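J.: Enclosed is the structure file run29.csv (CSV, C-alpha atoms).
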chain,number,residue,atom,x,y,z
A,77,MET,CA,-5.9,-15.5,-44.4
A,78,ASN,CA,-2.6,-17.1,-43.1
A,79,PRO,CA,-3.7,-19.1,-40.0
A,80,ILE,CA,-0.2,-19.4,-38.5
A,81,PHE,CA,0.5,-15.7,-38.4
A,82,ALA,CA,-3.1,-14.4,-38.1
A,83,ASN,CA,-3.6,-16.2,-34.8
A,84,LEU,CA,-0.4,-15.1,-33.2
A,85,PRO,CA,-0.5,-12.6,-30.3
A,86,VAL,CA,1.3,-9.3,-30.6
A,87,THR,CA,4.9,-9.8,-29.4
A,88,VAL,CA,5.5,-9.2,-25.7
A,89,PHE,CA,8.1,-6.6,-26.6
A,90,GLU,CA,5.6,-4.5,-28.4
A,91,VAL,CA,3.0,-5.0,-25.7
A,92,MET,CA,5.3,-3.9,-22.9
A,93,SER,CA,6.7,-1.0,-25.0
A,94,GLN,CA,3.2,0.2,-25.7
A,95,LEU,CA,2.4,0.0,-22.0
A,96,ALA,CA,5.6,2.0,-21.3
A,97,ARG,CA,4.4,4.7,-23.7
A,98,ASP,CA,0.9,4.7,-22.4
A,99,HIS,CA,2.1,5.1,-18.8
A,100,ASN,CA,5.1,7.3,-19.6
A,101,ALA,CA,7.3,4.7,-18.0
A,102,ILE,CA,11.0,4.0,-18.1
A,103,ASN,CA,11.4,1.2,-20.6
A,104,LEU,CA,13.8,-1.5,-19.3
A,105,GLY,CA,11.9,-4.1,-21.3
A,106,GLN,CA,12.9,-3.9,-25.0
A,107,GLY,CA,16.6,-4.4,-25.7
A,108,PHE,CA,17.8,-1.2,-27.1
A,109,PRO,CA,20.5,1.1,-25.7
A,110,ASP,CA,20.2,4.8,-24.8
A,111,ASP,CA,23.6,5.4,-26.5
A,112,PRO,CA,23.4,6.5,-30.1
A,113,GLY,CA,26.2,4.2,-31.2
A,114,PRO,CA,29.8,5.0,-32.2
A,115,GLU,CA,30.0,8.3,-34.0
A,116,ASP,CA,32.7,7.3,-36.4
A,117,VAL,CA,30.6,4.3,-37.7
A,118,ARG,CA,27.5,6.5,-38.0
A,119,ARG,CA,29.5,9.2,-39.9
A,120,LYS,CA,30.8,6.5,-42.3
A,121,ALA,CA,27.2,5.6,-43.1
A,122,ALA,CA,26.3,9.2,-43.7
A,123,GLU,CA,29.4,9.7,-46.0
A,124,ALA,CA,28.6,6.6,-47.9
A,125,SER,CA,25.0,7.7,-48.4
A,126,ILE,CA,26.2,11.1,-49.8
A,127,ASP,CA,29.3,10.1,-51.7
A,128,GLY,CA,28.8,6.4,-52.4
A,129,TYR,CA,26.6,4.1,-54.4
A,130,ASN,CA,22.9,4.0,-53.5
A,131,GLN,CA,21.5,1.6,-56.0
A,132,TYR,CA,21.0,-2.1,-55.6
A,133,PRO,CA,24.1,-3.7,-54.2
A,134,SER,CA,25.0,-7.4,-54.7
A,135,MET,CA,22.4,-9.7,-53.3
A,136,MET,CA,25.2,-11.4,-51.3
A,137,GLY,CA,26.4,-8.1,-49.8
A,138,LEU,CA,29.1,-5.6,-50.6
A,139,PRO,CA,32.4,-7.4,-51.2
A,140,GLU,CA,34.1,-5.1,-48.8
A,141,LEU,CA,31.7,-6.1,-46.0
A,142,ARG,CA,31.9,-9.8,-46.7
A,143,GLU,CA,35.7,-9.5,-46.6
A,144,ALA,CA,35.5,-7.6,-43.4
A,145,ILE,CA,33.2,-10.2,-41.8
A,146,ALA,CA,35.6,-13.0,-42.8
A,147,ALA,CA,38.6,-11.0,-41.4
A,148,HIS,CA,36.7,-10.2,-38.2
A,149,TYR,CA,36.0,-13.8,-37.4
A,150,GLU,CA,39.5,-14.9,-38.4
A,151,HIS,CA,40.8,-12.4,-35.9
A,152,TRP,CA,38.4,-13.1,-33.0
A,153,HIS,CA,37.7,-16.8,-33.4
A,154,LYS,CA,40.4,-18.2,-35.7
A,155,LEU,CA,37.7,-19.1,-38.1
A,156,SER,CA,38.8,-19.3,-41.7
A,157,LEU,CA,35.9,-18.3,-44.1
A,158,ASP,CA,35.9,-17.7,-47.8
A,159,PRO,CA,34.1,-14.3,-48.2
A,160,LEU,CA,33.0,-15.3,-51.7
A,161,THR,CA,31.4,-18.6,-50.9
A,162,GLU,CA,30.8,-18.7,-47.2
A,163,VAL,CA,29.6,-15.2,-46.2
A,164,MET,CA,26.3,-13.4,-46.9
A,165,VAL,CA,24.8,-10.1,-45.7
A,166,THR,CA,21.1,-9.9,-44.7
A,167,SER,CA,18.7,-7.2,-43.5
A,168,GLY,CA,19.2,-8.1,-39.8
A,169,ALA,CA,19.6,-11.3,-38.0
A,170,THR,CA,15.9,-12.1,-37.9
A,171,GLU,CA,15.9,-12.1,-41.7
A,172,ALA,CA,18.9,-14.4,-41.6
A,173,ILE,CA,17.1,-16.7,-39.2
A,174,ALA,CA,13.9,-16.7,-41.4
A,175,GLY,CA,16.0,-17.4,-44.5
A,176,ALA,CA,17.8,-20.3,-42.9
A,177,LEU,CA,14.5,-21.9,-41.6
A,178,PHE,CA,12.7,-21.4,-44.9
A,179,GLY,CA,15.6,-22.6,-46.9
A,180,LEU,CA,16.5,-25.7,-44.9
A,181,ILE,CA,13.2,-27.1,-43.6
A,182,GLU,CA,11.0,-29.5,-45.5
A,183,PRO,CA,7.4,-30.1,-44.3
A,184,GLY,CA,7.4,-32.5,-41.4
A,185,ASP,CA,11.1,-31.9,-40.4
A,186,GLU,CA,11.6,-31.6,-36.7
A,187,VAL,CA,13.5,-28.7,-35.2
A,188,VAL,CA,15.0,-28.6,-31.7
A,189,VAL,CA,14.4,-25.3,-29.9
A,190,PHE,CA,15.6,-24.3,-26.5
A,191,ALA,CA,13.2,-22.4,-24.3
A,192,PRO,CA,13.2,-19.6,-23.2
A,193,ALA,CA,13.4,-18.8,-26.9
A,194,TYR,CA,13.4,-15.6,-29.0
A,195,ASP,CA,9.7,-15.2,-30.1
A,196,ALA,CA,10.4,-15.4,-33.8
A,197,TYR,CA,11.6,-18.9,-33.8
A,198,LEU,CA,8.4,-21.0,-33.4
A,199,PRO,CA,6.2,-19.1,-35.9
A,200,LEU,CA,8.9,-19.2,-38.5
A,201,ILE,CA,9.6,-22.9,-38.0
A,202,ARG,CA,5.9,-23.6,-38.4
A,203,ARG,CA,5.5,-21.3,-41.4
A,204,ALA,CA,8.3,-23.4,-43.1
A,205,GLY,CA,6.4,-26.6,-42.3
A,206,GLY,CA,8.6,-27.7,-39.5
A,207,ILE,CA,7.7,-29.2,-36.1
A,208,PRO,CA,9.3,-27.6,-33.1
A,209,ARG,CA,10.6,-30.0,-30.4
A,210,LEU,CA,11.1,-27.9,-27.2
A,211,VAL,CA,13.8,-28.3,-24.6
A,212,ARG,CA,12.9,-26.5,-21.4
A,213,LEU,CA,15.8,-24.7,-19.7
A,214,GLN,CA,15.5,-23.6,-16.2
A,215,PRO,CA,17.2,-20.9,-14.0
A,216,PRO,CA,19.6,-20.2,-12.5
A,217,GLY,CA,22.0,-22.3,-14.8
A,218,TRP,CA,19.9,-22.7,-18.0
A,219,ARG,CA,22.3,-25.5,-18.9
A,220,LEU,CA,22.1,-28.2,-21.6
A,221,THR,CA,21.9,-31.8,-20.4
A,222,GLU,CA,22.4,-35.2,-22.1
A,223,GLU,CA,19.0,-36.3,-20.8
A,224,ALA,CA,17.2,-33.3,-22.3
A,225,LEU,CA,18.8,-33.7,-25.7
A,226,ARG,CA,18.3,-37.4,-25.8
A,227,GLY,CA,14.6,-36.7,-25.3
A,228,VAL,CA,14.2,-34.6,-28.5
A,229,PHE,CA,16.8,-35.6,-31.0
A,230,ASN,CA,15.6,-38.5,-33.3
A,231,ALA,CA,15.7,-39.6,-37.0
A,232,LYS,CA,13.3,-36.8,-38.0
A,233,THR,CA,15.4,-34.0,-36.5
A,234,LYS,CA,16.6,-31.8,-39.4
A,235,LEU,CA,17.8,-28.7,-37.5
A,236,VAL,CA,18.5,-27.3,-34.1
A,237,ILE,CA,18.3,-23.5,-33.5
A,238,PHE,CA,20.7,-22.4,-30.8
A,239,ASN,CA,21.0,-18.9,-29.3
A,240,ASN,CA,24.3,-18.2,-27.6
A,241,PRO,CA,24.7,-16.0,-25.6
A,242,LEU,CA,21.2,-16.8,-24.6
A,243,ASN,CA,18.5,-14.0,-24.5
A,244,PRO,CA,16.7,-13.7,-22.1
A,245,ALA,CA,18.7,-15.9,-19.8
A,246,ALA,CA,21.9,-13.8,-20.2
A,247,ILE,CA,24.3,-16.8,-20.1
A,248,VAL,CA,27.3,-17.6,-22.2
A,249,TYR,CA,27.5,-21.3,-22.9
A,250,PRO,CA,30.7,-23.0,-21.9
A,251,ARG,CA,32.7,-25.3,-24.1
A,252,GLU,CA,31.3,-28.5,-22.5
A,253,ASP,CA,27.7,-27.6,-23.4
A,254,LEU,CA,28.8,-26.8,-27.0
A,255,ALA,CA,30.6,-30.1,-27.2
A,256,LEU,CA,27.5,-31.9,-26.0
A,257,LEU,CA,25.3,-30.2,-28.6
A,258,ALA,CA,27.9,-30.8,-31.3
A,259,ARG,CA,27.9,-34.5,-30.5
A,260,PHE,CA,24.2,-34.8,-30.9
A,261,CYS,CA,24.2,-32.8,-34.2
A,262,GLN,CA,26.8,-35.3,-35.6
A,263,GLU,CA,25.1,-38.4,-34.2
A,264,PHE,CA,21.7,-37.4,-35.8
A,265,ASP,CA,23.1,-35.6,-38.9
A,266,VAL,CA,21.5,-32.3,-37.9
A,267,ILE,CA,22.3,-28.7,-39.1
A,268,ALA,CA,22.7,-26.1,-36.3
A,269,VAL,CA,21.3,-22.7,-37.0
A,270,CYS,CA,23.2,-20.5,-34.5
A,271,ASP,CA,21.8,-17.2,-33.4
A,272,GLU,CA,25.0,-15.5,-32.1
A,273,VAL,CA,24.0,-11.9,-32.3
A,274,TRP,CA,25.3,-11.2,-28.7
A,275,GLU,CA,28.7,-12.7,-29.5
A,276,HIS,CA,30.6,-9.5,-28.5
A,277,VAL,CA,28.4,-8.7,-25.6
A,278,VAL,CA,30.1,-11.0,-23.0
A,279,PHE,CA,31.4,-10.0,-19.6
A,280,ASP,CA,34.0,-10.8,-16.9
A,281,GLY,CA,36.6,-12.1,-19.3
A,282,ARG,CA,34.3,-14.7,-20.8
A,283,GLU,CA,34.9,-15.9,-24.4
A,284,HIS,CA,32.2,-16.5,-26.9
A,285,ILE,CA,32.9,-19.8,-28.7
A,286,PRO,CA,31.0,-20.2,-32.0
A,287,LEU,CA,29.5,-23.6,-32.5
A,288,ILE,CA,30.8,-23.6,-36.1
A,289,ALA,CA,34.4,-23.7,-34.6
A,290,MET,CA,33.8,-26.9,-32.6
A,291,PRO,CA,35.2,-30.1,-34.0
A,292,GLY,CA,32.9,-31.7,-36.6
A,293,MET,CA,30.6,-28.6,-36.9
A,294,ARG,CA,32.3,-26.6,-39.7
A,295,ASP,CA,30.1,-28.1,-42.5
A,296,ARG,CA,26.8,-28.4,-40.6
A,297,THR,CA,26.5,-24.9,-38.9
A,298,VAL,CA,24.8,-21.7,-40.0
A,299,LYS,CA,26.5,-18.9,-38.0
A,300,ILE,CA,24.3,-15.7,-37.7
A,301,GLY,CA,25.6,-12.3,-36.4
A,302,SER,CA,24.3,-8.8,-36.1
A,303,ALA,CA,26.0,-5.4,-36.5
A,304,GLY,CA,23.0,-3.9,-34.6
A,305,LYS,CA,24.2,-5.7,-31.4
A,306,ILE,CA,27.9,-5.3,-32.0
A,307,PHE,CA,27.7,-1.5,-32.5
A,308,SER,CA,24.5,-0.7,-30.4
A,309,LEU,CA,22.8,0.3,-33.7
A,310,THR,CA,19.7,-1.9,-33.4
A,311,GLY,CA,17.8,0.0,-36.0
A,312,TRP,CA,20.3,-0.6,-38.8
A,313,LYS,CA,19.3,-4.2,-39.3
A,314,VAL,CA,22.5,-5.5,-40.9
A,315,GLY,CA,23.0,-9.2,-40.3
A,316,PHE,CA,25.7,-11.7,-41.3
A,317,VAL,CA,25.4,-15.4,-42.3
A,318,CYS,CA,28.3,-17.7,-42.5
A,319,ALA,CA,28.1,-21.3,-43.6
A,320,ALA,CA,29.8,-23.9,-45.8
A,321,PRO,CA,29.2,-23.3,-49.5
A,322,PRO,CA,26.6,-26.1,-50.0
A,323,ILE,CA,24.5,-24.6,-47.2
A,324,LEU,CA,25.1,-21.0,-48.1
A,325,ARG,CA,23.9,-21.6,-51.7
A,326,VAL,CA,20.5,-22.8,-50.3
A,327,LEU,CA,20.3,-19.8,-47.9
A,328,ALA,CA,21.1,-17.4,-50.7
A,329,LYS,CA,18.1,-18.7,-52.7
A,330,SER,CA,15.9,-18.1,-49.7
A,331,HIS,CA,17.3,-14.6,-49.1
A,332,GLN,CA,16.7,-13.5,-52.7
A,333,PHE,CA,13.0,-13.7,-52.1
A,334,LEU,CA,12.9,-12.1,-48.7
A,335,THR,CA,14.7,-8.7,-48.6
A,336,PHE,CA,17.1,-9.5,-51.5
A,337,THR,CA,19.6,-6.9,-50.3
A,338,THR,CA,20.6,-4.4,-47.6
A,339,PRO,CA,21.2,-0.6,-47.7
A,340,PRO,CA,24.8,-0.1,-49.2
A,341,ASN,CA,25.7,2.8,-47.0
A,342,LEU,CA,25.0,0.8,-43.8
A,343,GLN,CA,27.1,-2.1,-45.3
A,344,SER,CA,30.0,0.3,-45.9
A,345,ALA,CA,29.8,1.6,-42.4
A,346,VAL,CA,29.7,-1.9,-40.8
A,347,ALA,CA,32.7,-3.0,-42.9
A,348,TYR,CA,34.6,0.0,-41.4
A,349,GLY,CA,33.4,-0.8,-37.9
A,350,LEU,CA,34.3,-4.5,-38.0
A,351,ALA,CA,37.9,-3.5,-38.7
A,352,LYS,CA,38.1,-1.3,-35.5
A,353,SER,CA,40.8,-2.2,-33.0
A,354,ASP,CA,40.2,-4.6,-30.2
A,355,ASP,CA,40.0,-1.6,-27.8
A,356,TYR,CA,36.6,-0.7,-29.2
A,357,PHE,CA,35.1,-4.1,-28.6
A,358,LEU,CA,36.7,-4.6,-25.2
A,359,GLY,CA,35.7,-1.1,-24.2
A,360,MET,CA,32.1,-1.7,-25.2
A,361,ARG,CA,32.0,-4.7,-23.0
A,362,THR,CA,33.6,-2.9,-20.1
A,363,GLU,CA,31.1,0.0,-20.3
A,364,LEU,CA,28.1,-2.4,-20.6
A,365,ALA,CA,29.4,-4.4,-17.7
A,366,ARG,CA,29.6,-1.2,-15.6
A,367,SER,CA,25.9,-0.5,-16.4
A,368,ARG,CA,25.1,-4.2,-15.5
A,369,ASP,CA,26.8,-3.9,-12.2
A,370,ARG,CA,25.1,-0.6,-11.4
A,371,LEU,CA,21.6,-2.1,-12.0
A,372,THR,CA,22.6,-5.3,-10.3
A,373,LYS,CA,23.8,-3.5,-7.1
A,374,GLY,CA,20.8,-1.3,-7.0
A,375,LEU,CA,18.3,-4.1,-7.4
A,376,ALA,CA,20.1,-6.2,-4.8
A,377,GLU,CA,20.1,-3.3,-2.3
A,378,ILE,CA,16.3,-2.8,-2.6
A,379,GLY,CA,15.6,-6.5,-2.2
A,380,PHE,CA,15.4,-8.1,-5.7
A,381,PRO,CA,17.1,-11.5,-6.0
A,382,VAL,CA,19.3,-11.0,-9.1
A,383,LEU,CA,20.4,-13.9,-11.4
A,384,PRO,CA,23.9,-13.7,-12.9
A,385,SER,CA,24.2,-11.9,-16.2
A,386,GLN,CA,27.2,-13.3,-18.3
A,387,GLY,CA,26.3,-11.5,-21.5
A,388,THR,CA,23.6,-9.6,-23.6
A,389,TYR,CA,22.0,-6.3,-22.5
A,390,PHE,CA,19.9,-8.1,-19.9
A,391,LEU,CA,19.7,-9.3,-16.3
A,392,ASN,CA,17.0,-11.2,-14.6
A,393,VAL,CA,15.4,-11.1,-11.2
A,394,ASP,CA,13.6,-14.0,-9.5
A,395,LEU,CA,10.4,-13.0,-7.8
A,396,LYS,CA,9.9,-16.2,-5.9
A,397,PRO,CA,11.8,-15.2,-2.7
A,398,LEU,CA,9.8,-11.9,-2.6
A,399,GLY,CA,6.6,-13.9,-1.9
A,400,LEU,CA,4.5,-11.7,-4.1
A,401,ASN,CA,2.0,-14.4,-5.0
A,402,GLU,CA,1.7,-13.3,-8.6
A,403,THR,CA,3.2,-14.3,-11.9
A,404,ASP,CA,5.9,-12.5,-13.7
A,405,GLU,CA,3.4,-11.3,-16.3
A,406,ALA,CA,1.1,-9.9,-13.6
A,407,PHE,CA,4.0,-8.3,-11.9
A,408,CYS,CA,5.3,-6.6,-15.0
A,409,LYS,CA,1.8,-5.2,-15.9
A,410,ARG,CA,1.4,-3.9,-12.3
A,411,LEU,CA,4.9,-2.5,-12.3
A,412,VAL,CA,4.5,-0.5,-15.5
A,413,ALA,CA,1.0,0.8,-14.5
A,414,GLU,CA,1.7,1.7,-10.9
A,415,TYR,CA,5.4,2.4,-10.7
A,416,LYS,CA,6.2,3.4,-14.3
A,417,VAL,CA,8.9,0.9,-15.1
A,418,ALA,CA,8.6,-1.7,-17.9
A,419,GLY,CA,10.3,-5.1,-17.7
A,420,ILE,CA,9.7,-8.3,-19.7
A,421,PRO,CA,8.1,-11.5,-18.2
A,422,VAL,CA,10.4,-14.4,-19.1
A,423,SER,CA,7.4,-16.7,-19.2
A,424,ALA,CA,6.6,-15.0,-22.6
A,425,PHE,CA,9.7,-16.9,-24.0
A,426,TYR,CA,8.1,-20.3,-23.3
A,427,GLU,CA,5.3,-21.9,-25.2
A,428,GLU,CA,4.9,-24.9,-22.8
A,429,GLU,CA,5.5,-25.2,-19.0
A,430,PRO,CA,6.8,-21.6,-18.6
A,431,VAL,CA,9.0,-20.4,-15.8
A,432,THR,CA,6.7,-17.8,-14.3
A,433,SER,CA,8.8,-16.1,-11.6
A,434,VAL,CA,11.5,-14.4,-13.6
A,435,VAL,CA,11.5,-10.8,-15.0
A,436,ARG,CA,14.1,-9.5,-17.5
A,437,PHE,CA,15.4,-5.9,-17.3
A,438,CYS,CA,17.7,-4.2,-19.9
A,439,PHE,CA,20.7,-2.4,-18.4
A,440,ALA,CA,22.0,-0.9,-21.7
A,441,LYS,CA,20.9,2.5,-20.4
A,442,LYS,CA,22.4,5.8,-19.2
A,443,ASP,CA,23.2,6.0,-15.5
A,444,ASP,CA,20.4,8.5,-14.9
A,445,THR,CA,17.9,6.2,-16.5
A,446,ILE,CA,19.0,3.3,-14.3
A,447,ASP,CA,19.0,5.4,-11.2
A,448,ARG,CA,15.5,6.7,-11.9
A,449,ALA,CA,14.3,3.2,-12.5
A,450,LEU,CA,15.8,1.9,-9.3
A,451,GLU,CA,14.1,4.6,-7.3
A,452,ARG,CA,10.7,3.6,-8.7
A,453,LEU,CA,11.5,-0.1,-8.3
A,454,SER,CA,12.4,0.5,-4.6
A,455,ARG,CA,8.9,1.8,-4.1
A,456,ALA,CA,7.5,-1.3,-5.8
A,457,VAL,CA,9.3,-3.6,-3.4
A,458,ARG,CA,8.3,-1.5,-0.4
A,459,GLY,CA,4.7,-1.5,-1.6
A,460,ALA,CA,4.7,-5.3,-1.8
A,461,ARG,CA,5.7,-5.8,1.8
What's the structure tokens form of this structure?

T.:
Amino acid sequence: MNPIFANLPVTVFEVMSQLARDHNAINLGQGFPDDPGPEDVRRKAAEASIDGYNQYPSMMGLPELREAIAAHYEHWHKLSLDPLTEVMVTSGATEAIAGALFGLIEPGDEVVVFAPAYDAYLPLIRRAGGIPRLVRLQPPGWRLTEEALRGVFNAKTKLVIFNNPLNPAAIVYPREDLALLARFCQEFDVIAVCDEVWEHVVFDGREHIPLIAMPGMRDRTVKIGSAGKIFSLTGWKVGFVCAAPPILRVLAKSHQFLTFTTPPNLQSAVAYGLAKSDDYFLGMRTELARSRDRLTKGLAEIGFPVLPSQGTYFLNVDLKPLGLNETDEAFCKRLVAEYKVAGIPVSAFYEEEPVTSVVRFCFAKKDDTIDRALERLSRAVRGAR
């Protein structure tokens, strides 16, 4: 039996979603939207399934999608990519992350990880033989610092995995933090695996800056994106990998023994979607920001201290000022059982020295869902006083 995976707990997302089902609760925990996704993109997938090719596509992805990915990043980030040698399609971003870690890590290599961290990172790093070196980020800023990076980067550091915008902290890293990280990557000859699935889900006029576009990072960065997050189609599991040819060749060898390829009808639909006008992407941000503001306002009015949400589907509340005298995990379990609303304890994103007072809620929901959740949450606050 595999001791690394066998001893892992069930993911917090599955635990809280199961509790939501058990208690017939409103699920503001797991990050999926109520909206079914853009109809024209879904129709393209249906048409491609009926009228198109349904056998194994190229391992690297349909040429039309790889070209669309390159064109999309040229348009949005002024990033010039060769679709033949620098772009690959995967079955979701998690597969892309796994392939990058399995392909690039040798046993004993150290990997810098920022906590709070997506729960797949650490077990995948360890399965590949790597040694995680954790950097503890803290609310409300969750910022990178010279001191923290100097404490983990060393001659054994092979990779850094960097999530921006950061889930669950819901921040979009500014250029100065990216420049700091890029400087350390170059000083220690480190490859950056960048989980940028939330790149289009940014608010209030903010700009997502991909680390691969920073000076000195073009040839030492793996950029990972997700159609699921861009089009609110989380079940499609279509991911993108962009990297310089020497790195991508290694990742392709890893990918061929994981999923090998991705459903061609979904690839065709995503190629169509990535070419949509700016109005779609900006409109998506505006609509999600409206839902964010609705939940933020409602939470603030009933007494929850809300931390800023600059991107992603999430916002966080800090329980400390409420004086509840319980951890975020205990609060979330009580909340779902007694008040029928599921959130996620942010402590679950830490392996060491967790922040234990912050709870994450997903706002990518219909107005009615948000309003019903707020009514139940108001009773939770009143009951705590």

J.: Mind dumping a table of every region 374-433 of chain A residue within 12 Å of region 445-448 of chain A, with the nearest atom pair and its distance in Å to one decimal, using all atoms listed in the file, sorted by chain and rising number, as a Markdown table?

T.:
| residue | atom | partner | partner_atom | distance |
| --- | --- | --- | --- | --- |
| A:Gly374 | CA | A:Asp447 | CA | 8.1 |
| A:Leu375 | CA | A:Ile446 | CA | 10.1 |
| A:Tyr415 | CA | A:Arg448 | CA | 11.0 |
| A:Lys416 | CA | A:Arg448 | CA | 10.2 |
| A:Val417 | CA | A:Arg448 | CA | 9.4 |

J.: Between A:His99, A:Arg119, A:His331, A:His153, which is the closest to Ala418 (chain A) once you count all atoms listed in the file?

T.: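 For Ala418 (chain A), the nearest of the given residues is A:His99.
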
J.: Would you list the contacts of Thr161 (chain A) as a list in words, taking every protein, DNA or RNA residue within 12 Å and counting all atoms listed in the file, but skipping same-chain residues closer than 6 positions in sequence?

T.: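 That gives Met136, Gly137, Pro139, Arg142, Glu143, Ala146, Val317, Cys318, Ala319, Ala320, Pro321, Pro322, Ile323, Leu324, Arg325, Val326, Leu327 and Ala328 of chain A.
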
J.: Counting only C-alpha atoms, which residue out of A:Ala413, A:Ile300, A:Val91, A:Val434 sits closest to Ala169 (chain A)?

T.: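 The shortest atom-to-atom distance to Ala169 (chain A) comes from A:Ile300.
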
J.: Using only C-alpha atoms, pick whichever of A:Cys438, A:Leu391, A:Ile420, A:Ala303 has the shortest atom-to-atom distance to Ser344 (chain A).

T.: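 Looking only at the distances to Ser344 (chain A), the closest residue turns out to be A:Ala303.
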
J.: Smallest atom-to-atom distance to Ala456 (chain A): which of A:Phe333, A:Tyr348, A:Phe407, A:Phe439, using all atoms listed in the file?

T.: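 Smallest separation from Ala456 (chain A) among the options: A:Phe407.
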
J.: Write out as number ranges by chain which residues come within 10 Å of Leu257 (chain A) when counting all atoms listed in the file, dropping same-chain ones fewer than 6 positions away.

T.: A: 220-222, 225, 236, 238, 251, 263, 268, 287, 290, 293

J.: Using only C-alpha atoms, can you list as a list in words the residues within 10 Å of (31.0, -29.5, -33.1)?

T.: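 The residues that fall inside the cut-off are Leu254, Ala255, Leu256, Leu257, Ala258, Arg259, Phe260, Cys261, Gln262, Ala268, Pro286, Leu287, Ile288, Ala289, Met290, Pro291, Gly292, Met293, Arg294, Asp295, Arg296 and Thr297 of chain A.
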
J.: Would you please work out which residue, of A:Ala424, A:Gly379, A:Ala174, A:Gly227, is nearest to Arg202 (chain A) when using all atoms listed in the file?

T.: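 For Arg202 (chain A), the nearest of the given residues is A:Ala174.
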
J.: Report the distance between CA of Ala193 (chain A) and CA of Thr233 (chain A) in Å, rounded to one decimal place.

T.: 18.1 Å

J.: What's the separation between CA of Leu450 (chain A) and CA of Gly419 (chain A), in Å to one decimal place?

T.: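 Interatomic distance here is 12.2 Å.
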
J.: Of the residues A:Val457, A:Leu180, A:Val382, A:Met135, which is the one nearest to Ser433 (chain A), using all atoms listed in the file?

T.: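 With all atoms listed in the file as the atom set, the closest residue is A:Val382.
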
J.: Do you know which residues are at most 9 Å from Pro133 (chain A) counting only C-alpha atoms, after dropping those on the same chain fewer than 2 positions away, and could you put them as an MDAnalysis selection string?

T.: chainID A and resid 129:131 135:138 337:340

J.: Between CA of His148 (chain A) and CA of Val163 (chain A), what distance in Å does the model show, to one decimal?

T.: 11.8 Å

J.: Leaving out Glu283 (chain A) and any residue of its chain fewer than 2 positions from it, which residues lie within 12 Å of it when counting all atoms listed in the file, given as a PDB file with C-alpha atoms, keeping the file's coordinate frame?

T.:
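Final output, out.pdb:
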ATOM      1  CA  TRP A 152      38.400 -13.100 -33.000  1.00  0.00           C
ATOM      2  CA  HIS A 153      37.700 -16.800 -33.400  1.00  0.00           C
ATOM      3  CA  ASN A 240      24.300 -18.200 -27.600  1.00  0.00           C
ATOM      4  CA  PRO A 241      24.700 -16.000 -25.600  1.00  0.00           C
ATOM      5  CA  ILE A 247      24.300 -16.800 -20.100  1.00  0.00           C
ATOM      6  CA  VAL A 248      27.300 -17.600 -22.200  1.00  0.00           C
ATOM      7  CA  TYR A 249      27.500 -21.300 -22.900  1.00  0.00           C
ATOM      8  CA  PRO A 250      30.700 -23.000 -21.900  1.00  0.00           C
ATOM      9  CA  ARG A 251      32.700 -25.300 -24.100  1.00  0.00           C
ATOM     10  CA  TRP A 274      25.300 -11.200 -28.700  1.00  0.00           C
ATOM     11  CA  GLU A 275      28.700 -12.700 -29.500  1.00  0.00           C
ATOM     12  CA  HIS A 276      30.600  -9.500 -28.500  1.00  0.00           C
ATOM     13  CA  VAL A 277      28.400  -8.700 -25.600  1.00  0.00           C
ATOM     14  CA  VAL A 278      30.100 -11.000 -23.000  1.00  0.00           C
ATOM     15  CA  PHE A 279      31.400 -10.000 -19.600  1.00  0.00           C
ATOM     16  CA  ASP A 280      34.000 -10.800 -16.900  1.00  0.00           C
ATOM     17  CA  GLY A 281      36.600 -12.100 -19.300  1.00  0.00           C
ATOM     18  CA  ILE A 285      32.900 -19.800 -28.700  1.00  0.00           C
ATOM     19  CA  PRO A 286      31.000 -20.200 -32.000  1.00  0.00           C
ATOM     20  CA  LEU A 358      36.700  -4.600 -25.200  1.00  0.00           C
ATOM     21  CA  ARG A 361      32.000  -4.700 -23.000  1.00  0.00           C
ATOM     22  CA  GLN A 386      27.200 -13.300 -18.300  1.00  0.00           C
ATOM     23  CA  GLY A 387      26.300 -11.500 -21.500  1.00  0.00           C
TER      24      GLY A 387
END

J.: Please tell me which residues are no farther than 8 Å from (11.4, -17.9, -20.9) in the file, counting all atoms listed in the file, and write them as a PyMOL selection string.

T.: chain A and resi 191-193+244-245+421-426+430-431

J.: List the neighbours of Ala440 (chain A) out to 7 Å using only C-alpha atoms; skip same-chain residues closer than 3 positions along the sequence, and give me the result as a PyMOL selection string.

T.: chain A and resi 108-110+364+367+389

J.: Build an axis-aligned box that encloses every atom of region 216-228 of chain A listed in the file, pad it by 6 Å on each side, and report its centre and edge lengths in Å to one decimal, as JSON.

T.:
{"center_x": 18.3, "center_y": -28.8, "center_z": -20.5, "size_x": 20.2, "size_y": 29.2, "size_z": 28.0}
